[in-house]
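Peer 1: Below is a structure I'd like to ask you about.
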Amino acid sequence: MPTDSIKKPAIAIVGCGKVGVSLGKWLSQAGYPVAGLASRSIDSARRAAEIIGTDRFADKPEQITPAADIILVTTPDDTIADVCDAMARTGGIAPGTVVLHCSGALPSTLLARAGEAGAAIGSMHPLQSFAQIRVDTNPFAGIIVSVEGEPGAVATGQAMARDLESVCFEIRTEAKTLYHASAVVASNYLVTVMNLSFQLLESAGIERSEVLQVLQPLIQGTLANIEKVGIPEALTGPIARGDVDTVTTHLERIGQQRPDLLALYRALGTATVPLAEARGLDAGHAGQLKQHLSTPG
Ligand SMILES: NC(=O)c1ccc[n+]([C@@H]2O[C@H](COP(=O)([O-])OP(=O)(O)OC[C@H]3O[C@@H](n4cnc5c(N)ncnc54)[C@H](OP(=O)(O)O)[C@@H]3O)[C@@H](O)[C@H]2O)c1
């Protein structure tokens with residue numbers, strides 16, 4: 001919801017995918033006028049226009065961006081620089097505009113050509129996983145939005161984050177790579193770990209359609225424990241207890257039934273031993289566990 005009655009700057013969205021349309025929809029709801037929407041395909045731009053409620057859309061950014069105070073470049077990471085260069089070349093960026101991209105990994109300096117055209121450049125990264133366009137409820141409410149770049153762009157990003165009901169966090173440009181690597185582990189690799197768990201349960205004879213229901217209380221309980229007592233105290237199970245026999249039995253059975261999953265099980269187990277040591281596992285059991293987990297075959 002708008003935080004005040006001052007007229008908001010007009011936004012243009014370039015790249016009508018999951019993040020672009022979600023941002024356009026919820027910034028528009030927060031009172032930001034929509035100068036226009038552009039995407040590589042006119043169909044994507046039209047669909048976005050229907051969702052956001054505007055008739056200003058195009059397949060060429062320069063047809064809509066000159067009227068914007070803020071241009072949000074929400075194309076895939078490897079296209080951001082080229083899209084920005086093309087906008088600058090074709091007169092799509094008016095001096096005084098703020099241009100922001102939404103990549104978590106890449107620096108705002110990628111938008112240097114927009115800076116040369118007189119824009120303030122920055123990045124604004126919503127720390128959330130967008131698997132689809134989110135129009136039902138505000139997906140930005142309560143999440144972290146990290147901003148970096150030139151002071152004018154940072155201030156604009158902060159204001160938008162506030163209006164989206166997000167928690168704004170200013171990040172150093174050089175810290176973005178590790179910040180993004182952390183987000184990849186928390187989101188993407190969590191999916192990989194869950195998939196390992198799901199596959200093992202399926203191998204135990206549980207239907208794929210039921211595995212989430214079976215594991216959900218355990219997953220949620222573990223997250224709640226991390227929240228309550230932190231890491232490493234939230235660690236339970238055979239490695240935390242130093243139960244070498246149980247871990248050895250796991251390795252044998254996975255090796256027989258799902259040898260394709262063994263390397264990941266070993267790697268995760270090996271990475272878990274130091275956490276168990278940090279919460280009191282003795283060196284003798286830790287050494288045995290490390291040895292079993294790292295010995296192939
Ligand atoms: N998805 C996430 O979870 C997430 C989270 C935080 C930040 N981000 C960041 O947000 C940005 C967008 O990611 P996304 O997941 O929303 O991607 P996406 O769903 O693939 O959407 C990207 C859109 O950009 C358009 N596009 C591609 N090349 C273009 C070009 N040359 N000119 C104009 N439009 C072009 C595509 O348009 P057409 O449909 O017209 O082909 C597509 O709709 C990325 O920087 C990403 O790192 C993503």
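Residues are referred to by chain and number: the chain letter is A, B, ... according to the order shown in the structure tokens, the number counts from 1 in that chain, and ligands are numbered separately from 1 in the order shown.
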Do you know which residues are at most 6 Å from region 38-45 of chain A counting only C-alpha atoms, after dropping those on the same chain fewer than 5 positions away, and could you put them as a ChimeraX atom specification?
Peer 2: /A:14-16,57-59,61
Peer 1: Can I get the selected residues back with N, CA, C and O atoms, as a PDB file, in the first residue's frame?
Peer 2:
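Result written to out29.pdb:
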```pdb
ATOM      1  N   VAL A  14      11.120  -3.651 -18.242  1.00  0.00           N
ATOM      2  CA  VAL A  14      11.686  -4.215 -19.481  1.00  0.00           C
ATOM      3  C   VAL A  14      12.044  -5.668 -19.175  1.00  0.00           C
ATOM      4  O   VAL A  14      12.997  -5.936 -18.435  1.00  0.00           O
ATOM      5  N   GLY A  15      11.256  -6.603 -19.742  1.00  0.00           N
ATOM      6  CA  GLY A  15      11.426  -8.025 -19.449  1.00  0.00           C
ATOM      7  C   GLY A  15      10.220  -8.508 -18.666  1.00  0.00           C
ATOM      8  O   GLY A  15      10.202  -8.449 -17.434  1.00  0.00           O
ATOM      9  N   CYS A  16       9.191  -8.970 -19.407  1.00  0.00           N
ATOM     10  CA  CYS A  16       7.911  -9.296 -18.758  1.00  0.00           C
ATOM     11  C   CYS A  16       7.844 -10.765 -18.374  1.00  0.00           C
ATOM     12  O   CYS A  16       7.021 -11.538 -18.886  1.00  0.00           O
ATOM     13  N   PHE A  57       2.231  -1.044 -23.863  1.00  0.00           N
ATOM     14  CA  PHE A  57       3.187  -2.144 -23.943  1.00  0.00           C
ATOM     15  C   PHE A  57       3.803  -2.177 -25.338  1.00  0.00           C
ATOM     16  O   PHE A  57       3.220  -1.651 -26.296  1.00  0.00           O
ATOM     17  N   ALA A  58       4.990  -2.791 -25.424  1.00  0.00           N
ATOM     18  CA  ALA A  58       5.724  -2.783 -26.698  1.00  0.00           C
ATOM     19  C   ALA A  58       6.728  -3.924 -26.715  1.00  0.00           C
ATOM     20  O   ALA A  58       7.009  -4.539 -25.681  1.00  0.00           O
ATOM     21  N   ASP A  59       7.257  -4.228 -27.913  1.00  0.00           N
ATOM     22  CA  ASP A  59       8.364  -5.190 -27.967  1.00  0.00           C
ATOM     23  C   ASP A  59       9.698  -4.485 -28.168  1.00  0.00           C
ATOM     24  O   ASP A  59      10.734  -5.125 -28.316  1.00  0.00           O
ATOM     25  N   PRO A  61      11.876  -1.634 -26.094  1.00  0.00           N
ATOM     26  CA  PRO A  61      11.877  -0.836 -24.851  1.00  0.00           C
ATOM     27  C   PRO A  61      11.830   0.662 -25.114  1.00  0.00           C
ATOM     28  O   PRO A  61      11.117   1.396 -24.402  1.00  0.00           O
TER      29      PRO A  61
END
```
Peer 1: Using DSSP on the backbone coordinates, identify the residues of region 63-274 of chain A assigned to strand (DSSP E or B); present them as a list of chain:residue names.
Peer 2: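 Taking region 63-274 of chain A and keeping strand (DSSP E or B) only, one gets A:Ile70, A:Ile71, A:Leu72, A:Val73, A:Val98, A:Val99, A:Leu100, A:His101, A:Ala120, A:Ile121, A:Gly122, A:Ser123, A:Met124, A:His125, A:Pro126, A:Ile144, A:Val145, A:Ser146, A:Val147, A:Glu148, A:Gly149, A:Val167, A:Cys168, A:Phe169, A:Glu170.
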Peer 1: For a test of reading the model, state the distance in Å between CA of Glu165 (chain A) and CA of Arg47 (chain A), rounded to one decimal.
Peer 2: 25.2 Å
Peer 1: Report as CSV: every residue of chain A with an atom at most 9 Å from ligand 1, its closest pair of atoms, and their distance in Å to one decimal, counting only C-alpha atoms and all ligand atoms, with rows sorted by chain and ascending residue number.
Peer 2:
```
residue,atom,partner,partner_atom_place_in_ligand_line,distance
A:Val14,CA,ligand 1,33 (C),5.8
A:Gly15,CA,ligand 1,24 (O),3.5
A:Cys16,CA,ligand 1,43 (O),4.2
A:Gly17,CA,ligand 1,21 (O),3.2
A:Lys18,CA,ligand 1,16 (O),3.7
A:Val19,CA,ligand 1,16 (O),3.7
A:Gly20,CA,ligand 1,16 (O),5.6
A:Val21,CA,ligand 1,16 (O),7.8
A:Ser22,CA,ligand 1,16 (O),8.4
A:Ala38,CA,ligand 1,33 (C),6.4
A:Ser39,CA,ligand 1,34 (N),3.8
A:Arg40,CA,ligand 1,40 (O),3.7
A:Ser41,CA,ligand 1,40 (O),3.6
A:Ile42,CA,ligand 1,40 (O),6.4
A:Asp43,CA,ligand 1,40 (O),6.9
A:Ser44,CA,ligand 1,40 (O),4.8
A:Ala45,CA,ligand 1,40 (O),6.6
A:Asp59,CA,ligand 1,33 (C),7.2
A:Lys60,CA,ligand 1,33 (C),7.6
A:Pro61,CA,ligand 1,33 (C),7.2
A:Val73,CA,ligand 1,11 (C),7.5
A:Thr74,CA,ligand 1,11 (C),4.3
A:Thr75,CA,ligand 1,24 (O),3.6
A:Pro76,CA,ligand 1,44 (C),4.4
A:Asp77,CA,ligand 1,45 (O),4.4
A:Asp78,CA,ligand 1,45 (O),8.1
A:Thr79,CA,ligand 1,31 (N),5.8
A:Ile80,CA,ligand 1,45 (O),7.3
A:Asp82,CA,ligand 1,31 (N),7.3
A:Val83,CA,ligand 1,31 (N),5.5
A:His101,CA,ligand 1,45 (O),6.4
A:Cys102,CA,ligand 1,45 (O),4.7
A:Ser103,CA,ligand 1,45 (O),3.6
A:Gly104,CA,ligand 1,47 (O),5.8
A:Ala105,CA,ligand 1,47 (O),7.1
A:Leu106,CA,ligand 1,45 (O),8.2
A:Met124,CA,ligand 1,7 (C),8.5
A:His125,CA,ligand 1,7 (C),5.5
A:Pro126,CA,ligand 1,6 (C),5.0
A:Leu127,CA,ligand 1,6 (C),5.8
A:Gln128,CA,ligand 1,5 (C),5.4
A:Ser129,CA,ligand 1,3 (O),3.6
A:Phe130,CA,ligand 1,3 (O),3.6
A:Ala131,CA,ligand 1,1 (N),5.8
A:Gln132,CA,ligand 1,19 (O),7.3
A:Ile133,CA,ligand 1,19 (O),7.8
```
Peer 1: So that I can check the surroundings of Pro274 (chain A), please list as number ranges by chain every protein, DNA and RNA residue that reaches within 10 Å of it, counting only C-alpha atoms and ignoring chain neighbours fewer than 6 positions away.
Peer 2: A: 232, 239-240, 280-281, 283, 286, 290
Peer 1: Could you write out the selected residues, including all heavy atoms, as a compact mmCIF listing (two decimals), in the first residue's frame?
Peer 2:
```
# COMPACT_ATOMS: atom_id res chain seq x y z
N PRO A 232 24.98 -24.92 15.52
CA PRO A 232 24.75 -26.35 15.22
C PRO A 232 23.73 -27.04 16.12
O PRO A 232 23.44 -28.21 15.92
CB PRO A 232 26.13 -26.95 15.44
CG PRO A 232 26.69 -26.14 16.58
CD PRO A 232 26.18 -24.74 16.37
N ILE A 239 24.51 -38.69 12.96
CA ILE A 239 25.85 -38.08 12.97
C ILE A 239 26.02 -37.26 14.25
O ILE A 239 27.07 -37.31 14.90
CB ILE A 239 26.08 -37.26 11.68
CG1 ILE A 239 26.15 -38.24 10.49
CG2 ILE A 239 27.35 -36.42 11.78
CD1 ILE A 239 26.43 -37.63 9.16
N ALA A 240 24.98 -36.54 14.65
CA ALA A 240 25.05 -35.77 15.90
C ALA A 240 25.30 -36.71 17.09
O ALA A 240 25.99 -36.35 18.03
CB ALA A 240 23.75 -34.98 16.10
N GLY A 280 29.46 -30.99 20.30
CA GLY A 280 29.94 -31.86 21.37
C GLY A 280 30.33 -33.27 21.00
O GLY A 280 30.73 -34.04 21.88
N LEU A 281 30.23 -33.67 19.72
CA LEU A 281 30.63 -35.04 19.35
C LEU A 281 32.14 -35.20 19.58
O LEU A 281 32.92 -34.33 19.21
CB LEU A 281 30.29 -35.31 17.88
CG LEU A 281 30.64 -36.71 17.37
CD1 LEU A 281 29.78 -37.78 18.03
CD2 LEU A 281 30.49 -36.79 15.85
N ALA A 283 36.05 -36.59 19.32
CA ALA A 283 36.93 -36.71 18.16
C ALA A 283 36.99 -38.15 17.63
O ALA A 283 37.10 -38.37 16.41
CB ALA A 283 38.33 -36.22 18.52
N ALA A 286 33.85 -38.81 15.63
CA ALA A 286 33.90 -37.94 14.44
C ALA A 286 34.86 -38.52 13.41
O ALA A 286 34.55 -38.57 12.21
CB ALA A 286 34.34 -36.53 14.85
N LYS A 290 33.87 -39.79 9.64
CA LYS A 290 34.53 -39.18 8.46
C LYS A 290 35.13 -40.28 7.58
O LYS A 290 35.01 -40.24 6.36
CB LYS A 290 35.65 -38.22 8.90
CG LYS A 290 35.17 -36.83 9.26
CD LYS A 290 36.35 -35.92 9.59
CE LYS A 290 35.94 -34.85 10.56
NZ LYS A 290 37.00 -34.23 11.30
```
Peer 1: Counting only C-alpha atoms, which residues of region 8-93 of chain A fall within 10 Å of region 136-146 of chain A, and what is the closest atom pair for each with its distance in Å at one decimal, ordered by chain and rising number, as JSON lines?
Peer 2:
```
{"residue": "A:Ser22", "atom": "CA", "partner": "A:Pro139", "partner_atom": "CA", "distance": 7.9}
{"residue": "A:Leu23", "atom": "CA", "partner": "A:Phe140", "partner_atom": "CA", "distance": 8.4}
{"residue": "A:Lys25", "atom": "CA", "partner": "A:Asn138", "partner_atom": "CA", "distance": 9.0}
{"residue": "A:Trp26", "atom": "CA", "partner": "A:Asn138", "partner_atom": "CA", "distance": 6.5}
{"residue": "A:Leu27", "atom": "CA", "partner": "A:Asn138", "partner_atom": "CA", "distance": 9.9}
{"residue": "A:Gln29", "atom": "CA", "partner": "A:Asn138", "partner_atom": "CA", "distance": 9.5}
```
Peer 1: Please produce, as a tab-separated table, a per-residue contact table for region 132-240 of chain A versus region 66-72 of chain A (criterion: any atom at most 12 Å away, only C-alpha atoms considered), showing the nearest atom pair and its distance in Å to one decimal, sorted by chain then residue number.
Peer 2:
```
residue	atom	partner	partner_atom	distance
A:Gly152	CA	A:Ile70	CA	11.0
A:Ala153	CA	A:Ile70	CA	9.0
A:Val154	CA	A:Ile70	CA	11.9
A:Ala155	CA	A:Ile70	CA	11.8
A:Thr156	CA	A:Ile70	CA	8.3
A:Gly157	CA	A:Ile70	CA	9.6
A:Ala159	CA	A:Ile70	CA	11.8
A:Met160	CA	A:Ile70	CA	10.2
```
Peer 1: What does the distance between CA of Ile93 (chain A) and CA of Gly115 (chain A) come to in Å, to one decimal place?
Peer 2: 9.3 Å
